[in-house]
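What follows is a short report on a single structure.
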Amino acid sequence: MRRGESVLAWLFVGALIAFLFLPVAVVVLFSLNSEASTSLPLTGFSLRWYHAAFADERFTSSLVNSVKVAAATAVLVALVGANASFAISRRKSRLLNTFSSFVTAPLILPGLFLGVALLSFFTEIGMQTSLTTVIIGHALVTLPFVVLIVNARLMNLDQSIAEAARDLGATPFQAYRKIIFPLVRPAIFGAILLAVAWSFDEFIITFFTIGGQSTLPILIWGLLRQGIDPSVNAIATIILGTTIVATLLAGWLISGRELAR
Amino acid sequence: MAIRAAPTSEQLDLSARVAMLFRTREERERWLSLAQLTPAMAFLLVFLVGPLAVFLIYSFWVTRSYQLISDWNIENYREALTQGVYRDLFRNTIEIAIVAAAITTSLAYTYAHLIRFQLRRFQNVLLFVAIVALFSGYLVRIYAWRTILGDEGIMNRALLSLGLVDKPLSFLLYSRAAALIVLVNFLVPLAILPIYAALQNVSDDQIDAARDLGAGAFQAFRKVTLPLAWNGVFVAFSFTFIIAAGDYVTPQLVGGTSGAMIGRAIADKFGVTFAWPLGAALSFLTLAFVLAILSVIRFASRRVLR
Amino acid sequence: MGAPAGGVGALASTEAAAPGRSSDGSAASVDAAIVVEGVTKRFKQTVAVDDCHLVVERGAFVSLLGPSGCGKTTLLRMIGGFESQDGGRILIHGKPVDRLPPNRRPVNMVFQRYALFPHKSVYENIAFPLELRGVSKKERRKRVQESLELVRLPGVEDRRPTELSGGQAQRIALARALVGRPDVLLLDEPLTSLDLKLRKAMQLELRSIQEELGTTFLYVTHDQEEALTMSDRIVLMNEGRIVQEGEPAEIYNRPESVFASHFIGETNLFEGEVVAVETAGTRVRVGSLDVAAPIGDVSPSVTAAVSVRPQAVAIGPEVVHDHENRFRGRLERRIFLGNLVRWYVEIDPGVIVTAEGPAEDPPLEEGTDLEVSWRRDDSILLPHRP
């Protein structure tokens, strides 16, 4: 009985995974196509579209913007989010529960909704759309990543470790620096990487809050509106590569090599 | 054996009282927590509550000659609710979003259930694969599907070469079917997470106990696993329903006419037409419809699953 | 041996016996390792520790014993500096430590789940307090070695805590807490998560390490057998208060309350009314029988309890001792415990006497008619207050 069920299970799981990664595979495949066609069979292997992309000034400036936004978002949510996590993990209270629901709200609302609401807000307060406004939008959505992941890690830590450190002679700051922080650090970095992965690929909120400039997803959108530009696949693959690598690293860090007993 | 009693506040002056605030470890910790929470709270108040509030206010304003005027009215809502084009869009959107959410949740549940109960040894890896899929693009995916589903695309090429059809199936793209396929494709990884988390809380012992007491495999599932995991399933359904209903890129790139959704209309209002108040009203109405439907489902499910 | 104290006057009965405390009761004895005076702790509505007074002598192994929620751990944590006090004073080696944070108190603690730092090796864990103090590398190495030898676990310096077994982790936690040579070591139920055999072995080892070092140990446990095995003195707590204090034998043989007699060791407990107070002793009516007990601080018609240890009860078809308490009854149940046998005899409707002793040959059969007896002085008279 078990054997047969296992086979069916693998079939379903395999098929679903194939379905999920099909578009990814297609994009990567055609980015390496030597001709500008997007139908099979492939005409040949070539990196020309990547060369074309890197030669294009619009691409390189968009790439730089994407990196800037991702980096700034990462730093912002790391600082704000990690601190909030520590506060939440210390004790339960109604205020903290409200905060937790609040902070995860941006994950549930559709990106379109958040994008136009942010645009309205910035207009109303007279703030010009720019990379800064984009960073604010990205931080809004990725803040819960940090808060939830770091909080989960803190909950897993044995509370008495900090007390033991104090008992053995450490000041509160020493206990934090030598004992707590090293144990939480991988989770923080993992969460940051996920924020970077998300930010790099984000389109809809960025679209409404970026004003005249461009990030990679915005660039792709622009190219798509103009017709078929085969380097779109290459650009898309570059985005995919970044996000997937960042996610893999995040996974390795978060699942952690040292888990407190 | 003198016992030192804690001094009452009347006996102290201001500076001593302040010092008393930081006297105990617990109090110091409380202040530290407050300090650490404040930046996040402030950020959310300003950049989450603020925009939502402004957005809501805008939905009651008008625009004249490309200017936002604070002429309070409910015309936007009236227009959104009475105009045929919007009503059709709302209906279309809800239909597509519900079907997408239903299919997504079913697929996601099956996946989560299988990796949790059948393929246990690999569940961590397979969960991680789903998470990687989650972060594997949004815009890029949707655009890729356009390639796959087009007349010249992989799907049709494959069907033609296998001799299953003799003309390309053009309903695969720019249609409701396309919208559904695309939505399901990027929503499934998102739905897997809360369902898997809920299934983790279903202990094997509970299922074994049910089986031991006479329940068949399907009964055990229906009476033990599903009710316990229901919260996770409902959360997954809600997330996917809301996000699908509010999607813009999908209907724009692959939806065509039959797959038209309100997201396009909303985005439009923030483009050259500069009809922000109407766009805001449409947004809030969409949210309202979605939440209303979710409440009905939640209520109904409570009675059924008890 | 004299009349046991009739009340819950823990302080009164031990004051005369405890060395290092002057007889007028003033506590600030510079000889004592720990002095706790009137310490109280409240959590919201509950009083976890209620006006406790305690003196722990230098070099002693003292256990804080009691059921969950009795306040023993809270009291320990206040001594360690992990909970603030709502009143009272704590002195360690004569110095008040109330205002000091844990890192500045000359005490160290062994935590219930060891609290080893998972990202550091065993060596780094133990060296941690020395590092903080700026001890030289060479000296650190030496002292870590010493510590590991003390807990009989040399050679594991490079392992990680996750690679250690429960018993090993516990020893490393102990080594780490002792390497700084604290004046006092606090232990918070450190053996709870070990299995029975290992726990018993560790009890003896902890005791021998303590004797070797001469450090004062204050040990919290809910296991009365553990406390009896390891301690010089036991401090029995219940509902935030210190209920009785003394050497193990003293508490075992002369419990001063129903709670104490219940909590420590097995006991028979009979409740009834005092019917006679005579020069020879007291008589308590239990059911339809009169139980003889020693003289005590009770008056007639008062409710009282009589506690008798099962080992003090003799049993047989006919008993030939001249015990003041002799009753006939039916053997309800006989339980064989390996080295001992326990008999349950009903002497009056609803009144069952438990007797314990080595196995008899031939074994008594359940349902037979027997006599149980014990000396009046083996009865412990307790006021009927929990």
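The chains in the structure tokens are called A, B, ... from first to last as shown; in each chain the residues are counted from 1, and the ligands are counted from 1 in the order shown.
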
If the cut-off is 7 Å, can you tell me the residues of chain A near chain B, counting only C-alpha atoms? I'd like them as a PyMOL selection string. chain A and resi 6+9+13+20-21+23-24+26-27+38-40+80-81+83-84+87+108-110+112-113+117-118+120-121+197-198+201+203+236+240+243-244+247

For chain C versus chain B, which residues have an atom no more than 8 Å away, and what is each residue's nearest atom pair and distance in Å rounded to one decimal, using only C-alpha atoms, chain-then-number order, as JSON lines?
```
{"residue": "C:Ser26", "atom": "CA", "partner": "B:Met1", "partner_atom": "CA", "distance": 6.2}
{"residue": "C:Ala27", "atom": "CA", "partner": "B:Met1", "partner_atom": "CA", "distance": 6.7}
{"residue": "C:Glu37", "atom": "CA", "partner": "B:Met1", "partner_atom": "CA", "distance": 6.8}
{"residue": "C:Gly38", "atom": "CA", "partner": "B:Ile3", "partner_atom": "CA", "distance": 5.9}
{"residue": "C:Glu83", "atom": "CA", "partner": "B:Arg25", "partner_atom": "CA", "distance": 7.6}
{"residue": "C:Ser84", "atom": "CA", "partner": "B:Thr24", "partner_atom": "CA", "distance": 6.2}
{"residue": "C:Asp86", "atom": "CA", "partner": "B:Ala6", "partner_atom": "CA", "distance": 7.4}
{"residue": "C:Gly87", "atom": "CA", "partner": "B:Ala5", "partner_atom": "CA", "distance": 6.0}
{"residue": "C:Gly88", "atom": "CA", "partner": "B:Ile3", "partner_atom": "CA", "distance": 5.0}
{"residue": "C:Arg89", "atom": "CA", "partner": "B:Ile3", "partner_atom": "CA", "distance": 7.1}
```

Could you take the residues named above and write them with C-alpha atoms, as an mmCIF file, in the first residue's frame?
```
data_model
loop_
_atom_site.group_PDB
_atom_site.id
_atom_site.type_symbol
_atom_site.label_atom_id
_atom_site.label_comp_id
_atom_site.auth_asym_id
_atom_site.auth_seq_id
_atom_site.Cartn_x
_atom_site.Cartn_y
_atom_site.Cartn_z
ATOM 1 C CA SER C 26 19.793 38.746 65.013
ATOM 2 C CA ALA C 27 20.773 37.387 61.704
ATOM 3 C CA GLU C 37 15.844 38.450 55.607
ATOM 4 C CA GLY C 38 12.155 39.056 55.074
ATOM 5 C CA GLU C 83 14.356 38.508 39.920
ATOM 6 C CA SER C 84 13.954 41.742 41.783
ATOM 7 C CA ASP C 86 9.664 43.399 46.659
ATOM 8 C CA GLY C 87 11.083 43.674 50.136
ATOM 9 C CA GLY C 88 13.729 42.303 52.434
ATOM 10 C CA ARG C 89 17.471 41.916 52.247
#
```

So how many Å separate CA of Asp167 (chain A) and CA of Asn103 (chain C), to one decimal?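 Pair CA of Asp167 (chain A) / CA of Asn103 (chain C) returns 5.0 Å.
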
List the neighbours of region 40-50 of chain C out to 9 Å using only C-alpha atoms; skip same-chain residues closer than 3 positions along the sequence, and give me the result as an mmCIF file with C-alpha atoms, in the first residue's frame.
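result_33.cif was written with the following content:
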```
data_model
loop_
_atom_site.group_PDB
_atom_site.id
_atom_site.type_symbol
_atom_site.label_atom_id
_atom_site.label_comp_id
_atom_site.auth_asym_id
_atom_site.auth_seq_id
_atom_site.Cartn_x
_atom_site.Cartn_y
_atom_site.Cartn_z
ATOM 1 C CA GLY C 69 4.757 26.805 42.708
ATOM 2 C CA CYS C 70 5.997 26.875 46.293
ATOM 3 C CA GLY C 71 8.410 29.703 45.530
ATOM 4 C CA LYS C 72 11.688 27.831 45.817
ATOM 5 C CA THR C 74 11.793 32.296 42.695
ATOM 6 C CA LEU C 75 13.729 32.559 45.932
ATOM 7 C CA MET C 78 16.298 36.381 43.704
ATOM 8 C CA GLU C 83 14.356 38.508 39.920
ATOM 9 C CA SER C 84 13.954 41.742 41.783
ATOM 10 C CA GLN C 85 12.804 41.736 45.400
ATOM 11 C CA ASP C 86 9.664 43.399 46.659
ATOM 12 C CA GLY C 87 11.083 43.674 50.136
ATOM 13 C CA GLY C 88 13.729 42.303 52.434
ATOM 14 C CA GLU C 239 2.958 28.445 49.058
ATOM 15 C CA GLY C 240 5.756 30.957 49.290
ATOM 16 C CA ARG C 241 6.659 30.301 52.889
ATOM 17 C CA ILE C 242 9.368 28.347 54.635
#
```

Close residues, region 340-349 of chain C itself excluded, 10 Å, only C-alpha atoms, min 2 positions apart in chain, as a VMD selection string: chain C and resid 286 to 289 310 to 311 313 315 326 to 338 351 to 360 363 to 364 366 to 372

Could I get the residues of chain A with an atom no further than 10 Å from an atom of chain C, each paired with its nearest atom pair and that distance in Å to one decimal, using only C-alpha atoms, sorted by chain and residue number, as a Markdown table?
```
| residue | atom | partner | partner_atom | distance |
| --- | --- | --- | --- | --- |
| A:Leu157 | CA | C:Pro118 | CA | 9.7 |
| A:Asp158 | CA | C:Ala115 | CA | 6.9 |
| A:Gln159 | CA | C:Ala115 | CA | 8.1 |
| A:Ser160 | CA | C:Ala115 | CA | 5.5 |
| A:Ile161 | CA | C:Ala115 | CA | 4.7 |
| A:Ala162 | CA | C:Ala115 | CA | 8.3 |
| A:Glu163 | CA | C:Phe82 | CA | 7.4 |
| A:Ala164 | CA | C:Ala115 | CA | 6.4 |
| A:Ala165 | CA | C:Pro129 | CA | 8.2 |
| A:Arg166 | CA | C:Asn103 | CA | 5.0 |
| A:Asp167 | CA | C:Asn103 | CA | 5.0 |
| A:Leu168 | CA | C:Pro129 | CA | 5.1 |
| A:Gly169 | CA | C:Asn103 | CA | 4.0 |
| A:Ala170 | CA | C:Asn103 | CA | 5.7 |
| A:Thr171 | CA | C:Asn103 | CA | 6.5 |
| A:Pro172 | CA | C:Asn103 | CA | 8.9 |
| A:Gln174 | CA | C:Leu132 | CA | 8.8 |
| A:Lys178 | CA | C:Phe128 | CA | 9.7 |
| A:Ile179 | CA | C:Phe117 | CA | 7.1 |
| A:Ile180 | CA | C:Phe117 | CA | 9.3 |
| A:Pro182 | CA | C:His119 | CA | 7.7 |
| A:Leu183 | CA | C:His119 | CA | 7.0 |
| A:Arg257 | CA | C:His119 | CA | 9.1 |
| A:Glu258 | CA | C:His119 | CA | 6.2 |
| A:Leu259 | CA | C:Pro118 | CA | 6.9 |
| A:Ala260 | CA | C:Pro118 | CA | 5.6 |
| A:Arg261 | CA | C:Thr162 | CA | 6.8 |
```

Could you pull out the strand (DSSP E) residues of region 34-188 of chain B from DSSP and send them as a PyMOL selection string? chain B and resi 62-64+67-69

Please run DSSP on the backbone and report, as an MDAnalysis selection string, all residues within region 93-331 of chain C that come out as alpha helix (DSSP H). chainID C and resid 122:132 137:150 166:178 196:213 224:230 248:253 258:263

Pick from B:Leu162, B:Val99, B:Ile297, B:Ile192: nearest to Arg116 (chain B), with only C-alpha atoms counted?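 Closest candidate: B:Ile192.
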
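All residues of protein, DNA or RNA that reach within 9 Å of Ile218 (chain A), judged by only C-alpha atoms and not counting those fewer than 5 positions away in the chain, are Ser62, Glu202, Phe203, Ile204, Thr206, Phe207, Gln213 and Leu223 of chain A.
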
Could the residues in this selection be saved with N, CA and C atoms as a short mmCIF file (atom, residue, chain, number, x, y, z; two decimals), in the first residue's frame?
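Now in again-v2.cif:
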```cif
data_model
loop_
_atom_site.label_atom_id
_atom_site.label_comp_id
_atom_site.auth_asym_id
_atom_site.auth_seq_id
_atom_site.Cartn_x
_atom_site.Cartn_y
_atom_site.Cartn_z
N SER A 62 19.40 50.77 -14.74
CA SER A 62 18.31 50.11 -14.01
C SER A 62 18.87 49.12 -13.01
N GLU A 202 10.46 43.16 -7.52
CA GLU A 202 9.19 43.85 -7.29
C GLU A 202 8.85 44.78 -8.44
N PHE A 203 7.62 44.70 -8.90
CA PHE A 203 7.21 45.55 -10.00
C PHE A 203 6.11 46.54 -9.65
N ILE A 204 5.01 46.03 -9.14
CA ILE A 204 3.79 46.84 -9.13
C ILE A 204 3.87 48.07 -8.21
N THR A 206 6.60 49.45 -7.15
CA THR A 206 7.65 50.27 -7.73
C THR A 206 7.08 51.12 -8.87
N PHE A 207 6.26 50.50 -9.69
CA PHE A 207 5.70 51.19 -10.85
C PHE A 207 5.04 52.49 -10.47
N GLN A 213 12.47 57.31 -12.86
CA GLN A 213 13.60 56.38 -12.97
C GLN A 213 13.14 54.96 -13.24
N LEU A 223 10.03 47.55 -21.94
CA LEU A 223 10.40 46.82 -23.16
C LEU A 223 9.23 45.99 -23.67
#
```

Find the residues near Ala304 (chain C): any atom within 10 Å, counting only C-alpha atoms, skip ones fewer than 2 places away on the same chain, and give them as number ranges by chain. C: 258, 270-274, 284-286, 298-302, 306, 381-385

For each of C:Val122, C:Val62, C:Val135, C:Ile380, take the minimum atom-to-atom distance to Arg254 (chain C), counting only C-alpha atoms, then give the residue where this is smallest.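 Closest to Arg254 (chain C), using only C-alpha atoms: C:Ile380.
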
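Neighbouring residues of Leu253 (chain A) at 10 Å or closer, counting only C-alpha atoms and skipping chain neighbours under 3 positions away, are Arg185, Pro186, Ala187, Ile188, Phe189, Gly190, Ala191, Leu193, Thr247, Leu248, Leu249, Ala250, Gly256, Arg257 and Glu258 of chain A.
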
Å distance separating CA of Ala215 (chain B) from CA of Leu16 (chain A), one decimal place: 29.5 Å

Separation of CA of Gly66 (chain C) and CA of Thr221 (chain C), in Å? 7.0 Å
